[in-house]
Structure formats: structure tokens, C-alpha cells
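Q: Contents of query.pdb (PDB, C-alpha atoms):
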ATOM      1  CA  MET A   1     170.999 149.208 119.146
ATOM      2  CA  ARG A   2     168.844 147.098 116.846
ATOM      3  CA  ALA A   3     169.860 148.708 113.543
ATOM      4  CA  LYS A   4     173.586 149.011 114.269
ATOM      5  CA  LEU A   5     174.734 146.549 111.591
ATOM      6  CA  TRP A   6     172.495 148.126 108.951
ATOM      7  CA  LEU A   7     173.725 151.630 109.784
ATOM      8  CA  SER A   8     177.322 150.376 109.742
ATOM      9  CA  LEU A   9     176.806 149.042 106.217
ATOM     10  CA  CYS A  10     175.395 152.400 105.130
ATOM     11  CA  LEU A  11     178.438 154.142 106.585
ATOM     12  CA  ILE A  12     180.838 151.714 104.899
ATOM     13  CA  HIS A  13     179.238 152.244 101.487
ATOM     14  CA  ALA A  14     179.183 156.021 101.845
ATOM     15  CA  VAL A  15     182.781 156.348 103.053
ATOM     16  CA  ALA A  16     184.232 153.749 100.667
ATOM     17  CA  SER A  17     182.512 155.408  97.698
ATOM     18  CA  MET A  18     184.073 158.740  98.618
ATOM     19  CA  LEU A  19     187.531 157.206  99.105
ATOM     20  CA  VAL A  20     187.407 155.438  95.736
ATOM     21  CA  TRP A  21     186.197 158.658  94.090
ATOM     22  CA  TRP A  22     189.093 160.610  95.566
ATOM     23  CA  ALA A  23     191.583 157.885  94.619
ATOM     24  CA  GLY A  24     190.239 157.757  91.070
ATOM     25  CA  GLY A  25     192.087 156.399  88.039
ATOM     26  CA  PRO A  26     193.874 153.069  88.496
ATOM     27  CA  VAL A  27     192.232 152.362  91.860
ATOM     28  CA  ALA A  28     188.720 152.701  90.441
ATOM     29  CA  GLN A  29     189.678 150.565  87.452
ATOM     30  CA  ALA A  30     191.062 147.818  89.706
ATOM     31  CA  LEU A  31     187.844 147.761  91.723
ATOM     32  CA  THR A  32     185.442 147.677  88.751
ATOM     33  CA  TRP A  33     183.505 144.511  87.951
ATOM     34  CA  ARG A  34     183.864 143.364  84.344
ATOM     35  CA  ALA A  35     181.946 140.487  82.814
ATOM     36  CA  ASP A  36     184.967 139.016  81.024
ATOM     37  CA  SER A  37     187.434 139.131  83.914
ATOM     38  CA  TRP A  38     185.616 139.153  87.256
ATOM     39  CA  ALA A  39     186.483 135.485  87.904
ATOM     40  CA  GLN A  40     190.152 136.512  88.010
ATOM     41  CA  HIS A  41     189.273 139.507  90.208
ATOM     42  CA  PRO A  42     186.485 138.191  92.477
ATOM     43  CA  TRP A  43     186.738 141.110  94.920
ATOM     44  CA  THR A  44     185.140 143.297  92.260
ATOM     45  CA  LEU A  45     181.787 141.622  93.016
ATOM     46  CA  TRP A  46     181.833 143.794  96.143
ATOM     47  CA  THR A  47     184.071 146.752  95.326
ATOM     48  CA  THR A  48     182.413 147.754  92.048
ATOM     49  CA  SER A  49     179.533 149.177  94.101
ATOM     50  CA  TRP A  50     181.897 151.915  95.316
ATOM     51  CA  VAL A  51     182.979 153.022  91.833
ATOM     52  CA  HIS A  52     181.086 155.927  90.238
ATOM     53  CA  ILE A  53     181.191 157.337  86.734
ATOM     54  CA  ASN A  54     180.724 161.046  87.454
ATOM     55  CA  THR A  55     179.812 163.501  90.196
ATOM     56  CA  PRO A  56     175.999 163.338  89.729
ATOM     57  CA  HIS A  57     176.227 159.537  89.875
ATOM     58  CA  LEU A  58     178.145 159.700  93.153
ATOM     59  CA  ILE A  59     175.899 162.343  94.718
ATOM     60  CA  SER A  60     172.647 160.582  93.824
ATOM     61  CA  ASN A  61     173.865 157.317  95.323
ATOM     62  CA  GLN A  62     175.189 159.035  98.442
ATOM     63  CA  LEU A  63     171.801 160.665  98.947
ATOM     64  CA  ALA A  64     170.100 157.296  98.508
ATOM     65  CA  VAL A  65     172.387 155.695 101.103
ATOM     66  CA  GLY A  66     171.597 158.580 103.439
ATOM     67  CA  ALA A  67     167.887 157.903 102.918
ATOM     68  CA  LEU A  68     168.444 154.223 103.753
ATOM     69  CA  ALA A  69     170.199 155.221 106.962
ATOM     70  CA  ALA A  70     167.389 157.613 107.875
ATOM     71  CA  MET A  71     164.814 154.918 107.155
ATOM     72  CA  ALA A  72     166.708 152.549 109.438
ATOM     73  CA  TRP A  73     166.177 154.913 112.371
ATOM     74  CA  LEU A  74     162.434 154.474 111.903
ATOM     75  CA  VAL A  75     162.158 150.856 110.779
ATOM     76  CA  ARG A  76     164.988 149.397 112.895
ATOM     77  CA  PRO A  77     166.009 146.521 110.578
ATOM     78  CA  ASN A  78     167.350 143.643 112.654
ATOM     79  CA  ALA A  79     170.410 141.478 112.042
ATOM     80  CA  VAL A  80     168.452 139.101 109.790
ATOM     81  CA  ALA A  81     167.634 141.998 107.445
ATOM     82  CA  SER A  82     171.232 143.208 107.544
ATOM     83  CA  VAL A  83     172.586 139.745 106.707
ATOM     84  CA  ALA A  84     170.135 139.523 103.791
ATOM     85  CA  TRP A  85     171.474 142.838 102.484
ATOM     86  CA  LEU A  86     175.045 141.565 102.906
ATOM     87  CA  LEU A  87     174.261 138.427 100.891
ATOM     88  CA  ALA A  88     172.638 140.481  98.136
ATOM     89  CA  TRP A  89     175.749 142.657  97.806
ATOM     90  CA  PRO A  90     177.896 140.383  95.568
ATOM     91  CA  THR A  91     174.836 138.750  93.995
ATOM     92  CA  VAL A  92     173.910 141.963  92.154
ATOM     93  CA  ALA A  93     176.980 141.659  89.899
ATOM     94  CA  LEU A  94     177.184 137.865  90.002
ATOM     95  CA  VAL A  95     173.927 137.504  88.041
ATOM     96  CA  LEU A  96     174.641 140.206  85.436
ATOM     97  CA  PRO A  97     176.455 137.852  82.998
ATOM     98  CA  TRP A  98     173.001 136.473  82.168
ATOM     99  CA  TRP A  99     172.836 139.517  79.873
ATOM    100  CA  PRO A 100     175.848 138.892  77.591
ATOM    101  CA  HIS A 101     176.109 142.469  76.304
ATOM    102  CA  ILE A 102     176.691 143.955  79.787
ATOM    103  CA  GLY A 103     180.428 144.552  79.804
ATOM    104  CA  TYR A 104     180.775 146.184  83.207
ATOM    105  CA  ALA A 105     178.705 147.697  85.986
ATOM    106  CA  VAL A 106     179.511 150.187  88.735
ATOM    107  CA  GLY A 107     177.725 152.121  91.450
ATOM    108  CA  LEU A 108     175.482 151.480  94.421
ATOM    109  CA  SER A 109     172.120 151.540  92.655
ATOM    110  CA  GLY A 110     171.708 147.758  92.467
ATOM    111  CA  LEU A 111     172.586 147.433  96.132
ATOM    112  CA  ILE A 112     170.187 150.259  97.006
ATOM    113  CA  HIS A 113     167.342 148.439  95.240
ATOM    114  CA  ALA A 114     168.290 145.318  97.209
ATOM    115  CA  ALA A 115     168.082 147.282 100.468
ATOM    116  CA  VAL A 116     164.625 148.633  99.658
ATOM    117  CA  ALA A 117     163.413 145.114  98.882
ATOM    118  CA  VAL A 118     164.860 143.824 102.159
ATOM    119  CA  VAL A 119     163.149 146.569 104.148
ATOM    120  CA  ALA A 120     159.820 145.845 102.452
ATOM    121  CA  VAL A 121     160.045 142.155 103.403
ATOM    122  CA  HIS A 122     161.240 143.108 106.886
ATOM    123  CA  LEU A 123     158.231 145.351 107.444
ATOM    124  CA  TRP A 124     155.823 142.663 106.289
ATOM    125  CA  TRP A 125     157.251 139.649 108.129
ATOM    126  CA  CYS A 126     159.021 140.971 111.236
ATOM    127  CA  THR A 127     156.373 140.544 113.946
ATOM    128  CA  ASP A 128     158.470 142.064 116.733
ATOM    129  CA  LEU A 129     158.419 145.484 115.094
ATOM    130  CA  THR A 130     156.514 148.264 116.862
ATOM    131  CA  PHE A 131     156.490 150.402 113.715
ATOM    132  CA  PRO A 132     152.893 151.654 113.177
ATOM    133  CA  SER A 133     151.022 149.969 110.296
ATOM    134  CA  ARG A 134     154.216 148.110 109.395
ATOM    135  CA  ARG A 135     152.524 145.792 106.882
ATOM    136  CA  ARG A 136     150.831 148.659 105.097
ATOM    137  CA  TRP A 137     154.128 150.505 104.748
ATOM    138  CA  GLY A 138     155.880 147.317 103.651
ATOM    139  CA  ALA A 139     153.243 146.740 100.980
ATOM    140  CA  LEU A 140     153.496 150.341  99.771
ATOM    141  CA  LEU A 141     157.290 150.110  99.606
ATOM    142  CA  ALA A 142     157.081 146.829  97.682
ATOM    143  CA  ALA A 143     154.472 148.276  95.315
ATOM    144  CA  GLY A 144     156.605 151.336  94.600
ATOM    145  CA  LEU A 145     159.685 149.225  93.930
ATOM    146  CA  THR A 146     157.716 146.838  91.704
ATOM    147  CA  ALA A 147     156.249 149.741  89.718
ATOM    148  CA  LYS A 148     159.719 151.220  89.144
ATOM    149  CA  LEU A 149     161.097 147.897  87.953
ATOM    150  CA  ALA A 150     158.089 147.363  85.691
ATOM    151  CA  LEU A 151     158.584 150.775  84.095
ATOM    152  CA  GLU A 152     162.294 150.156  83.568
ATOM    153  CA  GLN A 153     161.832 146.624  82.169
ATOM    154  CA  GLY A 154     165.397 145.792  83.055
ATOM    155  CA  TRP A 155     164.965 142.220  81.818
ATOM    156  CA  HIS A 156     164.282 143.599  78.338
ATOM    157  CA  TRP A 157     166.323 146.821  78.483
ATOM    158  CA  PRO A 158     169.276 145.896  80.712
ATOM    159  CA  VAL A 159     171.318 148.975  79.742
ATOM    160  CA  VAL A 160     169.957 152.387  78.730
ATOM    161  CA  TRP A 161     171.511 155.777  78.183
ATOM    162  CA  SER A 162     170.502 158.526  80.594
ATOM    163  CA  ASN A 163     170.886 162.068  79.262
ATOM    164  CA  SER A 164     170.305 163.570  82.709
ATOM    165  CA  ALA A 165     173.056 161.471  84.300
ATOM    166  CA  ASP A 166     175.251 161.564  81.162
ATOM    167  CA  MET A 167     176.003 157.844  81.489
ATOM    168  CA  SER A 168     174.722 154.382  80.733
ATOM    169  CA  VAL A 169     172.414 152.987  83.418
ATOM    170  CA  VAL A 170     172.535 149.237  84.029
ATOM    171  CA  GLN A 171     168.866 148.666  84.783
ATOM    172  CA  ALA A 172     169.478 144.936  85.037
ATOM    173  CA  ALA A 173     171.417 145.651  88.240
ATOM    174  CA  HIS A 174     168.296 147.269  89.708
ATOM    175  CA  LEU A 175     166.352 144.122  88.872
ATOM    176  CA  THR A 176     168.948 141.672  90.198
ATOM    177  CA  GLY A 177     169.356 143.731  93.361
ATOM    178  CA  ALA A 178     165.639 143.808  94.098
ATOM    179  CA  VAL A 179     165.184 140.092  93.414
ATOM    180  CA  ALA A 180     168.218 139.195  95.520
ATOM    181  CA  GLY A 181     166.913 141.353  98.371
ATOM    182  CA  VAL A 182     163.540 139.608  98.339
ATOM    183  CA  VAL A 183     164.978 136.088  98.013
ATOM    184  CA  PHE A 184     167.582 136.403 100.746
ATOM    185  CA  SER A 185     165.423 138.300 103.229
ATOM    186  CA  TRP A 186     162.404 136.010 102.807
ATOM    187  CA  THR A 187     164.584 132.862 102.973
ATOM    188  CA  LEU A 188     166.319 133.981 106.164
ATOM    189  CA  VAL A 189     163.036 134.919 107.819
ATOM    190  CA  MET A 190     161.552 131.527 106.936
ATOM    191  CA  LEU A 191     164.642 129.737 108.250
ATOM    192  CA  TRP A 192     164.423 131.507 111.598
ATOM    193  CA  ARG A 193     160.735 130.675 111.836
ATOM    194  CA  HIS A 194     161.332 127.050 110.905
ATOM    195  CA  VAL A 195     163.839 126.466 113.683
ATOM    196  CA  GLU A 196     161.592 128.450 116.028
ATOM    197  CA  LEU A 197     164.350 130.740 117.184
ATOM    198  CA  PRO A 198     163.930 134.463 117.721
ATOM    199  CA  ALA A 199     165.571 136.679 115.138
ATOM    200  CA  PRO A 200     168.928 137.894 116.480
ATOM    201  CA  ALA A 201     168.596 141.321 118.010
ATOM    202  CA  GLU A 202     171.492 143.731 118.094
ATOM    203  CA  LYS A 203     172.348 145.394 121.369
TER
END
Mind converting the file's structure to C-alpha cells?

A:
Amino acid sequence: MRAKLWLSLCLIHAVASMLVWWAGGPVAQALTWRADSWAQHPWTLWTTSWVHINTPHLISNQLAVGALAAMAWLVRPNAVASVAWLLAWPTVALVLPWWPHIGYAVGLSGLIHAAVAVVAVHLWWCTDLTFPSRRRWGALLAAGLTAKLALEQGWHWPVVWSNSADMSVVQAAHLTGAVAGVVFSWTLVMLWRHVELPAPAEK
């Protein structure tokens, strides 16, 4: 199945987020990325995505992961897209120290923005897709993501308070996720084209 790796990643994020939520307390703290100590705890570049502040935060991200899985059934992202998403995973937190006042960041939102960016590039560049009007949908997805990032202005307002979510939202993570998704997916596609090899297809 072409999208098996992508769907596996969705499952991992959904299940791990639930397990960390149930474990709570010290486990969640040990898995949280912090700007002043992540170098001593490098695993937090990955695990902090599974930590959530409150129930609405967890539910909204679980729904978003479910939407990514549903989208994968239609779009069928190949292994190149899945590898791009994997590479973006730790990059979301790795770039956050560029904003010195971000002390910590948790949740899947940055990684979700990365996934949307990867899918947009995948739809535009993946010529073996049979998805109808793939480039039009890729452009619309990219335009929607760009509009959201422009409204948030995460480069200028990296952290904002959300009354509806009752928590601080690290908008810079949305920005770094989207940029990482575009950079890695486009680079991998260009590499495969340069060596004139077909993109690896999952069976």
C-alpha cells in the first residue's frame, strides 16, 4: 500500500499522545522539549510532540491527525513524502531557539503544519499521482496554509495566549513546521529527479 508509512506515522502520533496523556506528570515532564536543556535531553526533539497541556489541546490535535490519515487515503503520499515528514519532526523544535523567549513547546501542531506542507508539495510535484486535478488541490492547500501563517505572523508573534484553548500557543512552531515540510519535501523530490530514479513506492 502506497501510503502505509504515512498512515503508520499518523497512528504512532495518535497512540503515543494518548499514552503520554494517560501517564501524565513526571513522564510528560521528561518528554517535554525545553530551550535551556534540550541538548542534554535530545529525545525531547521528538517526544515533545506527544505532550499536551489540556484535554482540548489533545482532542484538537488528535482530530487533526485523523484528518491527515483520512487525507492520505485520497492523496496516497509516497515514501518520499513520508521521509520528508519524518525529517521535519525534530526540526520543528530544533529551530525554536531562534526566538529566545520561547521556553518550551509541546503538542503536535507544528508537526501537523509540516504534514500539510509536505502534502501540498507532494500534490504539485508527484507526477505519478492519479489524484484528479492534483496541482490545483496542491495549490489550494498551499494557499490556505500560507494564509493561516500570514494571519498568525509567527515570526513576529511567536507565542500568543488563546482564551479558547486556555493555553499559550507557540505560533513559531507552526511556522517552523510548515517551512521544514516544504524544504525537506521539495529537496527530496529534486534529489530523486536529479538521479533519475523513480520515487520509492510502498507495497

Q: Tell me which protein, DNA and RNA residues are within 12 Å of Trp22 (chain A), counting all atoms listed in the file, leaving out same-chain ones fewer than 6 positions away, and put them as number ranges by chain.

A: A: 15-16, 28, 50-52, 54-55, 58

Q: Kindly provide the residues of region 28-132 of chain A that approach region 1-7 of chain A to within 8 Å, each paired with its closest atom pair and their distance in Å to one decimal, based on all atoms listed in the file, listed by chain and increasing number, as a Markdown table.

A:
| residue | atom | partner | partner_atom | distance |
| --- | --- | --- | --- | --- |
| A:Ala69 | CA | A:Leu7 | CA | 5.8 |
| A:Ala72 | CA | A:Ala3 | CA | 6.4 |
| A:Trp73 | CA | A:Ala3 | CA | 7.3 |
| A:Arg76 | CA | A:Ala3 | CA | 5.0 |
| A:Pro77 | CA | A:Ala3 | CA | 5.3 |
| A:Asn78 | CA | A:Arg2 | CA | 5.6 |
| A:Ala79 | CA | A:Leu5 | CA | 6.7 |
| A:Ala81 | CA | A:Trp6 | CA | 8.0 |
| A:Ser82 | CA | A:Trp6 | CA | 5.3 |

Q: Any chance you could work out the residue set of the PyMOL selection byres ((chain A and resi 160) around 8) here, as a ChimeraX atom specification?

A: /A:157-159,161-162,168-171

Q: Mind dumping the selected residues with C-alpha atoms as a short mmCIF file (atom, residue, chain, number, x, y, z; two decimals), in the frame of the given file?

A:
data_model
loop_
_atom_site.label_atom_id
_atom_site.label_comp_id
_atom_site.auth_asym_id
_atom_site.auth_seq_id
_atom_site.Cartn_x
_atom_site.Cartn_y
_atom_site.Cartn_z
CA TRP A 157 166.32 146.82 78.48
CA PRO A 158 169.28 145.90 80.71
CA VAL A 159 171.32 148.98 79.74
CA TRP A 161 171.51 155.78 78.18
CA SER A 162 170.50 158.53 80.59
CA SER A 168 174.72 154.38 80.73
CA VAL A 169 172.41 152.99 83.42
CA VAL A 170 172.54 149.24 84.03
CA GLN A 171 168.87 148.67 84.78
#

Q: Using only C-alpha atoms, determine which residues lie at most 12 Å from Ile112 (chain A), disregarding the query and same-chain residues fewer than 3 positions distant; provide the list as an MDAnalysis selection string.

A: chainID A and resid 9:10 13:14 49:50 60:69 85:86 88:89 92 107:109 115:119 145 173:181

Q: Expand the PyMOL selection byres ((chain A and resi 32) around 9) into the explicit residue set it covers here, and present it as a ChimeraX atom specification.

A: /A:27-31,33-34,38,44-45,47-51,104-106

Q: Which residue is closest to Ser37 (chain A)? Choose from A:Val183, A:Met190, A:Leu94, A:Ile59 and count only C-alpha atoms.

A: A:Leu94

Q: What does the PyMOL selection byres ((chain A and resi 149) around 10) select in this file, as a list in words?

A: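 Selected by the PyMOL selection byres ((chain A and resi 149) around 10) in this file: His113, Ala143, Gly144, Leu145, Thr146, Ala147, Lys148, Ala150, Leu151, Glu152, Gln153, Gly154, Trp155, Gln171, Ala172, His174, Leu175 and Ala178 of chain A.
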
Q: At what distance in Å, to one decimal, does CA of Leu123 (chain A) lie from CA of Val75 (chain A)?

A: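 According to the coordinates, CA of Val75 (chain A) and CA of Leu123 (chain A) are separated by 7.5 Å.
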
Q: Please identify all polymer residues within 10 Å of Pro56 (chain A), counting all atoms listed in the file, omitting same-chain residues fewer than 6 positions from it, and present them as a PyMOL selection string.

A: chain A and resi 62+164-167

Q: Residues of the last selection are to be written out with C-alpha atoms, as a CSV table (one decimal), keeping the file's coordinate frame.

A:
chain,number,residue,atom,x,y,z
A,62,GLN,CA,175.2,159.0,98.4
A,164,SER,CA,170.3,163.6,82.7
A,165,ALA,CA,173.1,161.5,84.3
A,166,ASP,CA,175.3,161.6,81.2
A,167,MET,CA,176.0,157.8,81.5

Q: Mind pulling up the distance from CA of Pro42 (chain A) to CA of His101 (chain A)?

A: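 Separating CA of His101 (chain A) from CA of Pro42 (chain A) is a distance of 19.7 Å.
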
Q: Between CA of Val95 (chain A) and CA of Asp36 (chain A), what is the distance, to one decimal in Å?

A: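 Pair CA of Val95 (chain A) / CA of Asp36 (chain A) returns 13.2 Å.
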
Q: Which one of A:Leu191, A:Ile53, A:Ala114, A:Ala139 sits closest to Val20 (chain A) if you count only C-alpha atoms?

A: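 The shortest atom-to-atom distance to Val20 (chain A) comes from A:Ile53.
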
Q: Given only C-alpha atoms as the basis, pick out the residue of A:Trp46, A:Trp98, A:Trp137, A:Trp124 nearest to Gly110 (chain A).

A: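 Checking each candidate against Gly110 (chain A), we get A:Trp46 as the closest.
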
Q: With distances taken over only C-alpha atoms, which of A:Ala142, A:Pro132, A:Trp186, A:Trp125 is nearest to Leu74 (chain A)?

A: A:Pro132

Q: Put a box with edges along x, y and z around all the listed atoms of region 81-86 of chain A, pad it by 8 Å on each side, then give me its centre and sizes in Å, one decimal, as JSON.

A:
{"center_x": 171.3, "center_y": 141.4, "center_z": 105.0, "size_x": 23.4, "size_y": 19.7, "size_z": 21.1}

Q: Counting only C-alpha atoms, figure out which residue out of A:Gly25, A:Leu140, A:Phe184, A:His41 gets nearest to Thr91 (chain A).

A: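 Closest to Thr91 (chain A), using only C-alpha atoms: A:Phe184.
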